[in-house]
file coords-v1.tsv (TSV, C-alpha atoms and all ligand atoms)
chain	number	residue	atom	x	y	z
A	1	MET	CA	-70.14	-133.02	29.81
A	2	THR	CA	-73.20	-133.92	31.94
A	3	THR	CA	-73.37	-137.27	33.67
A	4	THR	CA	-75.58	-138.90	36.26
A	5	LYS	CA	-72.53	-140.58	37.82
A	6	PRO	CA	-70.25	-138.68	40.24
A	7	TYR	CA	-67.08	-139.10	38.16
A	8	CYS	CA	-66.34	-138.60	34.46
A	9	HIS	CA	-63.42	-140.34	32.76
A	10	TYR	CA	-62.36	-138.61	29.55
A	11	MET	CA	-60.86	-141.35	27.42
A	12	THR	CA	-60.36	-142.78	23.96
A	13	PRO	CA	-61.03	-146.48	23.29
A	14	THR	CA	-57.54	-147.03	21.87
A	15	SER	CA	-55.55	-145.27	24.61
A	16	PRO	CA	-53.63	-147.81	26.71
A	17	PHE	CA	-53.17	-145.17	29.42
A	18	ALA	CA	-56.93	-144.64	29.65
A	19	ARG	CA	-57.37	-148.40	29.65
A	20	LYS	CA	-55.43	-148.63	32.92
A	21	VAL	CA	-58.04	-146.39	34.50
A	22	ARG	CA	-60.86	-148.39	32.94
A	23	MET	CA	-59.43	-151.65	34.29
A	24	VAL	CA	-59.04	-150.20	37.78
A	25	VAL	CA	-62.67	-149.05	37.69
A	26	HIS	CA	-63.73	-152.60	36.81
A	27	GLU	CA	-61.39	-154.29	39.31
A	28	CYS	CA	-62.68	-152.04	42.10
A	29	GLY	CA	-66.36	-152.43	41.14
A	30	PHE	CA	-66.89	-148.69	40.46
A	31	THR	CA	-68.59	-148.85	37.06
A	32	ASP	CA	-71.68	-147.27	38.64
A	33	GLN	CA	-69.54	-144.32	39.85
A	34	VAL	CA	-67.49	-143.47	36.77
A	35	GLU	CA	-68.96	-142.42	33.41
A	36	GLU	CA	-66.77	-143.09	30.40
A	37	PHE	CA	-66.71	-140.22	27.92
A	38	ASN	CA	-65.15	-140.82	24.51
A	39	THR	CA	-63.36	-137.61	23.64
A	40	ARG	CA	-61.45	-136.33	20.64
A	41	VAL	CA	-57.75	-135.56	21.16
A	42	ARG	CA	-55.16	-133.52	19.28
A	43	THR	CA	-57.84	-131.41	17.56
A	44	PRO	CA	-59.31	-128.00	18.47
A	45	GLU	CA	-62.61	-129.82	19.22
A	46	ASN	CA	-60.94	-131.85	21.99
A	47	GLU	CA	-63.51	-131.95	24.82
A	48	VAL	CA	-60.82	-132.49	27.48
A	49	LEU	CA	-59.72	-128.90	26.90
A	50	ASP	CA	-62.95	-127.81	28.60
A	51	VAL	CA	-61.56	-129.18	31.88
A	52	SER	CA	-57.77	-129.49	31.46
A	53	ALA	CA	-55.23	-127.31	29.67
A	54	LEU	CA	-53.19	-130.44	28.93
A	55	GLY	CA	-55.91	-131.94	26.76
A	56	LYS	CA	-54.76	-135.53	27.29
A	57	VAL	CA	-56.49	-138.75	28.23
A	58	PRO	CA	-57.01	-140.12	30.77
A	59	THR	CA	-58.51	-137.17	32.65
A	60	LEU	CA	-60.88	-137.61	35.58
A	61	THR	CA	-63.37	-135.05	36.86
A	62	GLY	CA	-65.57	-135.41	39.90
A	63	PRO	CA	-67.22	-133.80	42.93
A	64	ASP	CA	-66.00	-130.51	44.44
A	65	GLY	CA	-64.15	-129.49	41.27
A	66	LEU	CA	-61.93	-132.56	41.20
A	67	MET	CA	-59.79	-132.71	38.05
A	68	LEU	CA	-56.96	-135.24	37.81
A	69	VAL	CA	-54.60	-136.03	34.93
A	70	ASP	CA	-52.23	-138.97	34.35
A	71	SER	CA	-53.09	-142.64	34.74
A	72	THR	CA	-50.79	-143.18	37.73
A	73	VAL	CA	-52.52	-140.54	39.81
A	74	ILE	CA	-56.04	-141.39	38.66
A	75	CYS	CA	-55.61	-145.13	39.30
A	76	GLU	CA	-54.45	-144.56	42.87
A	77	TYR	CA	-57.19	-142.01	43.53
A	78	LEU	CA	-59.90	-144.41	42.34
A	79	ASP	CA	-58.40	-147.35	44.23
A	80	ARG	CA	-58.60	-145.31	47.45
A	81	LEU	CA	-62.20	-144.16	46.87
A	82	GLY	CA	-63.71	-147.04	48.77
A	83	GLY	CA	-61.38	-146.71	51.79
A	84	ALA	CA	-58.87	-149.56	51.94
A	85	PRO	CA	-57.09	-149.77	48.56
A	86	ARG	CA	-57.14	-153.15	46.80
A	87	LEU	CA	-54.45	-152.47	44.24
A	88	HIS	CA	-51.88	-150.30	46.06
A	89	HIS	CA	-49.60	-151.40	48.91
A	90	ASP	CA	-48.51	-149.34	51.91
A	91	ILE	CA	-44.95	-147.99	51.71
A	92	GLY	CA	-42.56	-150.92	52.03
A	93	PRO	CA	-40.81	-153.53	49.84
A	94	ALA	CA	-44.03	-154.68	48.10
A	95	ARG	CA	-44.87	-151.08	47.21
A	96	TRP	CA	-41.45	-150.46	45.68
A	97	ALA	CA	-41.56	-153.74	43.75
A	98	ALA	CA	-44.94	-152.73	42.36
A	99	SER	CA	-43.72	-149.19	41.58
A	100	ARG	CA	-40.75	-150.59	39.68
A	101	LEU	CA	-42.97	-152.81	37.51
A	102	TRP	CA	-45.53	-150.03	37.01
A	103	SER	CA	-42.89	-147.50	35.92
A	104	LEU	CA	-41.21	-150.00	33.67
A	105	SER	CA	-44.44	-150.79	31.85
A	106	GLU	CA	-45.29	-147.06	31.67
A	107	SER	CA	-41.98	-146.40	29.91
A	108	LEU	CA	-42.51	-149.43	27.69
A	109	LEU	CA	-45.90	-148.02	26.68
A	110	GLU	CA	-44.34	-144.64	25.93
A	111	SER	CA	-41.72	-146.29	23.76
A	112	LEU	CA	-44.39	-148.25	21.86
A	113	ALA	CA	-46.48	-145.09	21.42
A	114	TRP	CA	-43.48	-143.06	20.14
A	115	ARG	CA	-42.66	-145.81	17.66
A	116	ALA	CA	-46.28	-145.99	16.45
A	117	ARG	CA	-46.37	-142.20	16.09
A	118	GLU	CA	-43.11	-142.13	14.14
A	119	LEU	CA	-44.58	-144.66	11.70
A	120	ARG	CA	-47.56	-142.37	11.10
A	121	ARG	CA	-45.20	-139.77	9.58
A	122	PRO	CA	-44.55	-139.78	5.81
A	123	VAL	CA	-41.89	-142.36	4.94
A	124	ASN	CA	-39.30	-139.69	4.04
A	125	GLU	CA	-39.73	-137.98	7.44
A	126	ARG	CA	-39.20	-141.10	9.59
A	127	SER	CA	-35.99	-141.67	11.49
A	128	PRO	CA	-34.71	-145.26	11.00
A	129	SER	CA	-32.26	-144.89	13.90
A	130	PHE	CA	-35.04	-143.74	16.25
A	131	LEU	CA	-37.27	-146.66	15.20
A	132	SER	CA	-34.47	-149.14	15.58
A	133	TYR	CA	-33.47	-147.82	19.02
A	134	GLU	CA	-37.02	-147.99	20.39
A	135	THR	CA	-37.53	-151.49	18.92
A	136	GLY	CA	-34.32	-152.61	20.62
A	137	ARG	CA	-35.37	-151.05	23.93
A	138	GLN	CA	-38.66	-152.92	23.78
A	139	ALA	CA	-36.91	-156.26	23.12
A	140	ARG	CA	-34.57	-155.65	26.09
A	141	VAL	CA	-37.52	-154.99	28.37
A	142	TYR	CA	-39.34	-158.13	27.18
A	143	ASP	CA	-36.22	-160.17	27.94
A	144	TRP	CA	-35.90	-158.64	31.40
A	145	LEU	CA	-39.56	-159.32	32.14
A	146	ASP	CA	-39.28	-162.93	31.00
A	147	ALA	CA	-36.36	-163.42	33.40
A	148	ASN	CA	-37.70	-161.42	36.35
A	149	LEU	CA	-41.47	-161.51	36.54
A	150	PRO	CA	-42.81	-162.43	39.95
A	151	PHE	CA	-44.61	-165.79	40.09
A	152	PRO	CA	-47.33	-166.12	41.12
A	153	SER	CA	-48.05	-162.68	39.74
A	154	GLN	CA	-48.57	-159.81	42.16
A	155	ARG	CA	-52.19	-158.77	42.49
A	156	ASP	CA	-51.73	-155.05	42.42
A	157	VAL	CA	-51.90	-152.16	39.99
A	158	SER	CA	-48.54	-153.06	38.44
A	159	ALA	CA	-50.06	-156.21	36.91
A	160	ILE	CA	-52.69	-154.01	35.25
A	161	GLY	CA	-50.05	-151.66	33.83
A	162	LEU	CA	-48.00	-154.50	32.42
A	163	VAL	CA	-50.77	-156.61	30.91
A	164	ILE	CA	-52.00	-153.49	29.09
A	165	ALA	CA	-48.52	-152.68	27.78
A	166	MET	CA	-48.03	-156.22	26.45
A	167	ASP	CA	-51.45	-156.17	24.81
A	168	TYR	CA	-50.64	-152.80	23.25
A	169	ALA	CA	-47.45	-154.32	21.84
A	170	ASP	CA	-49.63	-156.98	20.20
A	171	TYR	CA	-52.04	-154.31	18.97
A	172	ARG	CA	-49.49	-152.02	17.33
A	173	PHE	CA	-46.62	-154.38	16.52
A	174	PRO	CA	-47.82	-158.00	16.15
A	175	GLU	CA	-44.86	-158.56	13.82
A	176	ASP	CA	-42.52	-158.29	16.84
A	177	LYS	CA	-43.88	-161.63	18.15
A	178	TRP	CA	-42.82	-160.81	21.72
A	179	ARG	CA	-43.90	-164.28	22.94
A	180	THR	CA	-41.24	-166.06	20.90
A	181	GLY	CA	-38.53	-167.35	23.24
A	182	ARG	CA	-40.23	-165.79	26.31
A	183	PRO	CA	-42.40	-168.55	27.84
A	184	ASN	CA	-42.58	-166.98	31.30
A	185	LEU	CA	-43.83	-163.67	29.98
A	186	GLN	CA	-46.33	-165.47	27.76
A	187	ALA	CA	-47.69	-167.58	30.66
A	188	TRP	CA	-47.89	-164.50	32.89
A	189	PHE	CA	-49.76	-162.58	30.19
A	190	GLU	CA	-52.29	-165.36	29.58
A	191	GLY	CA	-53.17	-165.51	33.30
A	192	GLU	CA	-53.68	-161.76	33.53
A	193	ALA	CA	-55.51	-161.40	30.21
A	194	ALA	CA	-58.16	-163.89	31.38
A	195	ARG	CA	-59.31	-161.53	34.13
A	196	PRO	CA	-62.81	-160.01	33.61
A	197	ALA	CA	-61.51	-156.43	33.85
A	198	PHE	CA	-59.13	-157.06	30.94
A	199	GLN	CA	-61.86	-158.69	28.87
A	200	ALA	CA	-64.30	-155.84	29.62
A	201	THR	CA	-61.87	-153.22	28.25
A	202	LEU	CA	-60.55	-154.81	25.06
A	203	LEU	CA	-59.09	-152.43	22.48
A	204	PRO	CA	-61.30	-151.98	19.40
A	205	PRO	CA	-60.41	-153.83	16.18
A	206	GLN	CA	-57.83	-152.00	14.06
A	207	PRO	CA	-59.53	-149.80	11.41
B	1	LIG	N1	-48.32	-140.33	31.19
B	1	LIG	C1	-49.68	-140.15	30.72
B	1	LIG	C2	-49.73	-140.40	29.22
B	1	LIG	C3	-51.09	-140.03	28.62
B	1	LIG	C4	-51.04	-139.96	27.10
B	1	LIG	O1	-49.96	-139.87	26.49
B	1	LIG	N2	-52.23	-139.95	26.50
B	1	LIG	C5	-52.34	-139.82	25.05
B	1	LIG	C6	-53.28	-140.90	24.47
B	1	LIG	S1	-52.60	-142.52	24.57
B	1	LIG	C7	-52.98	-138.50	24.72
B	1	LIG	O2	-53.88	-138.04	25.41
B	1	LIG	N3	-52.56	-137.88	23.61
B	1	LIG	C8	-53.17	-136.66	23.15
B	1	LIG	C9	-52.19	-135.54	23.04
B	1	LIG	O3	-50.97	-135.79	23.00
B	1	LIG	O4	-52.61	-134.39	23.00
B	1	LIG	C10	-50.59	-141.10	31.51
B	1	LIG	O5	-50.09	-142.10	32.06
B	1	LIG	O6	-51.79	-140.84	31.61
call {"tool": "encode", "arguments": {"input": "coords-v1.tsv", "output": "structure tokens"}}
result
Amino acid sequence: MTTTKPYCHYMTPTSPFARKVRMVVHECGFTDQVEEFNTRVRTPENEVLDVSALGKVPTLTGPDGLMLVDSTVICEYLDRLGGAPRLHHDIGPARWAASRLWSLSESLLESLAWRARELRRPVNERSPSFLSYETGRQARVYDWLDANLPFPSQRDVSAIGLVIAMDYADYRFPEDKWRTGRPNLQAWFEGEAARPAFQATLLPPQP
């Protein structure tokens, strides 16, 4: 992959994990530094395999042979590119609060992705108990968030992770109606979803 920009972000437009990286790039004002490259995944033609044995998105390449995988690592790397980070705290209570929210939304995203993947299997190969357990986990997390979200919302990377996870829930499972009975989570989401970085990285319409 040749690019005129110093960094290359291997991504897919529907990946919520890659979207975290895209939002950080926008929030930090680095769109002139990071080229977005739409790759294939889970096929032998996967272009990420040219740079990473893992073959997953997001993957970031850059100067001096830099190659990073995983949204958590890539987001912090990019946030520290300009010197003082804007979206990561120093070690202390605010950092751990942000880490808790970030990890929670990461696991929520994984649960949503597993559920979506299970539903792509033929009907007779799906596990109803698996689907029901993940759906229940997601509802528990929404309830916890509605009761515990910080107001006003923290301006750090954890807000990016969570707003993306909630939007992904809408994208894959609108029938869950996560807003119903959760006014705090809904209000929090609307504030975050209005930010330009969110609007600049919207997921494509469903095929
Ligand atoms: N924990 C990883 C998850 C990345 C991930 O699961 N990416 C998916 C796309 S949403 C992927 O690349 N799947 C292709 C594959 O499994 O080979 C992160 O935060 O970056």
call {"tool": "closest_atom_pairs", "arguments": {"input": "coords-v1.tsv", "of": "chain A", "to": "ligand LIG 1 (chain B)", "cutoff": "10 Å", "atoms": "all atoms listed in the file", "output": "Markdown table"}}
result
| residue | atom | partner | partner_atom | distance |
| --- | --- | --- | --- | --- |
| A:Tyr10 | CA | B:LIG1 | O2 | 9.5 |
| A:Met11 | CA | B:LIG1 | O2 | 8.0 |
| A:Thr12 | CA | B:LIG1 | C6 | 7.3 |
| A:Pro13 | CA | B:LIG1 | S1 | 9.4 |
| A:Thr14 | CA | B:LIG1 | S1 | 7.2 |
| A:Ser15 | CA | B:LIG1 | S1 | 4.0 |
| A:Pro16 | CA | B:LIG1 | S1 | 5.8 |
| A:Phe17 | CA | B:LIG1 | O6 | 5.0 |
| A:Ala18 | CA | B:LIG1 | O6 | 6.7 |
| A:Arg19 | CA | B:LIG1 | S1 | 9.1 |
| A:Lys20 | CA | B:LIG1 | O5 | 8.5 |
| A:Val21 | CA | B:LIG1 | O6 | 8.8 |
| A:Thr39 | CA | B:LIG1 | O2 | 9.7 |
| A:Arg40 | CA | B:LIG1 | C8 | 8.7 |
| A:Val41 | CA | B:LIG1 | C8 | 5.1 |
| A:Arg42 | CA | B:LIG1 | O4 | 4.6 |
| A:Thr43 | CA | B:LIG1 | O4 | 8.1 |
| A:Asn46 | CA | B:LIG1 | O4 | 8.8 |
| A:Val48 | CA | B:LIG1 | O2 | 9.1 |
| A:Leu49 | CA | B:LIG1 | O4 | 9.8 |
| A:Leu54 | CA | B:LIG1 | O4 | 7.1 |
| A:Gly55 | CA | B:LIG1 | O4 | 5.6 |
| A:Lys56 | CA | B:LIG1 | O2 | 3.3 |
| A:Val57 | CA | B:LIG1 | O2 | 3.9 |
| A:Pro58 | CA | B:LIG1 | O6 | 5.3 |
| A:Thr59 | CA | B:LIG1 | O6 | 7.7 |
| A:Leu68 | CA | B:LIG1 | O6 | 9.8 |
| A:Val69 | CA | B:LIG1 | O6 | 6.5 |
| A:Asp70 | CA | B:LIG1 | O6 | 3.3 |
| A:Ser71 | CA | B:LIG1 | O6 | 3.8 |
| A:Thr72 | CA | B:LIG1 | O5 | 5.8 |
| A:Val73 | CA | B:LIG1 | O6 | 8.2 |
| A:Ile74 | CA | B:LIG1 | O6 | 8.3 |
| A:Cys75 | CA | B:LIG1 | O5 | 9.6 |
| A:Ser103 | CA | B:LIG1 | O5 | 9.8 |
| A:Glu106 | CA | B:LIG1 | O5 | 6.9 |
| A:Ser107 | CA | B:LIG1 | N1 | 8.9 |
| A:Leu109 | CA | B:LIG1 | C2 | 8.9 |
| A:Glu110 | CA | B:LIG1 | O1 | 7.4 |
| A:Ala113 | CA | B:LIG1 | S1 | 7.3 |
| A:Trp114 | CA | B:LIG1 | O1 | 9.6 |
| A:Gly161 | CA | B:LIG1 | O5 | 9.7 |
call {"tool": "atom_distance", "arguments": {"input": "coords-v1.tsv", "atom1": "atom CA of A:His88", "atom2": "atom CA of A:Leu149"}}
result
18.0 Å
call {"tool": "closest_residue", "arguments": {"input": "coords-v1.tsv", "among": "A:Tyr7, A:Phe198, A:Phe189, A:Tyr142", "to": "A:Asp176", "atoms": "all atoms listed in the file"}}
result
A:Tyr142
call {"tool": "residues_near_point", "arguments": {"input": "coords-v1.tsv", "point": "(-72.7, -143.9, 35.1)", "cutoff": "6 Å", "atoms": "all atoms listed in the file", "output": "PyMOL selection string"}}
result
chain A and resi 4-5+32-35
call {"tool": "atom_distance", "arguments": {"input": "coords-v1.tsv", "atom1": "atom CA of A:His9", "atom2": "atom CA of A:Phe30"}}
result
11.9 Å
call {"tool": "atom_distance", "arguments": {"input": "coords-v1.tsv", "atom1": "atom CA of A:Phe173", "atom2": "atom CA of A:Trp188"}}
result
19.3 Å
call {"tool": "residues_around", "arguments": {"input": "coords-v1.tsv", "residues": "A:His26", "least_positions_apart": "4", "cutoff": "8 Å", "atoms": "all atoms listed in the file", "output": "PyMOL selection string"}}
result
chain A and resi 22+30-31+197+200
call {"tool": "closest_residue", "arguments": {"input": "coords-v1.tsv", "among": "A:Ser129, A:Thr201, A:Gln154, A:Thr61", "to": "A:Ser99", "atoms": "all atoms listed in the file"}}
result
A:Gln154
call {"tool": "residues_around", "arguments": {"input": "coords-v1.tsv", "residues": "A:Ala159", "least_positions_apart": "4", "cutoff": "9 Å", "atoms": "only C-alpha atoms", "output": "list of chain:residue names"}}
result
A:Ala98, A:Leu101, A:Trp102, A:Ser153, A:Gln154, A:Arg155, A:Val163, A:Ile164, A:Glu192
call {"tool": "residues_around", "arguments": {"input": "coords-v1.tsv", "residues": "stretch 116-120 of chain A", "least_positions_apart": "5", "cutoff": "8 Å", "atoms": "only C-alpha atoms", "output": "list in words"}}
result
Arg126, Ser127, Leu131 and Arg172 of chain A
call {"tool": "write_last_selection", "arguments": {"input": "coords-v1.tsv", "atoms": "C-alpha atoms", "output": "JSON list (two decimals), in the coordinates of the input"}}
result
[["chain", "number", "residue", "atom", "x", "y", "z"],
["A", 126, "ARG", "CA", -39.20, -141.10, 9.59],
["A", 127, "SER", "CA", -35.99, -141.67, 11.49],
["A", 131, "LEU", "CA", -37.27, -146.66, 15.20],
["A", 172, "ARG", "CA", -49.49, -152.02, 17.33]]
call {"tool": "residues_around", "arguments": {"input": "coords-v1.tsv", "residues": "A:Ala169", "least_positions_apart": "5", "cutoff": "8 Å", "atoms": "all atoms listed in the file", "output": "PyMOL selection string"}}
result
chain A and resi 112+174+178
call {"tool": "residues_near_point", "arguments": {"input": "coords-v1.tsv", "point": "(-53.9, -151.5, 43.5)", "cutoff": "6 Å", "atoms": "all atoms listed in the file", "output": "list in words"}}
result
Arg86, Leu87, His88, Asp156 and Val157 of chain A
call {"tool": "closest_residue", "arguments": {"input": "coords-v1.tsv", "among": "A:Val25, A:Thr135, A:Gln199, A:Ser158", "to": "A:Arg95", "atoms": "all atoms listed in the file"}}
result
A:Ser158
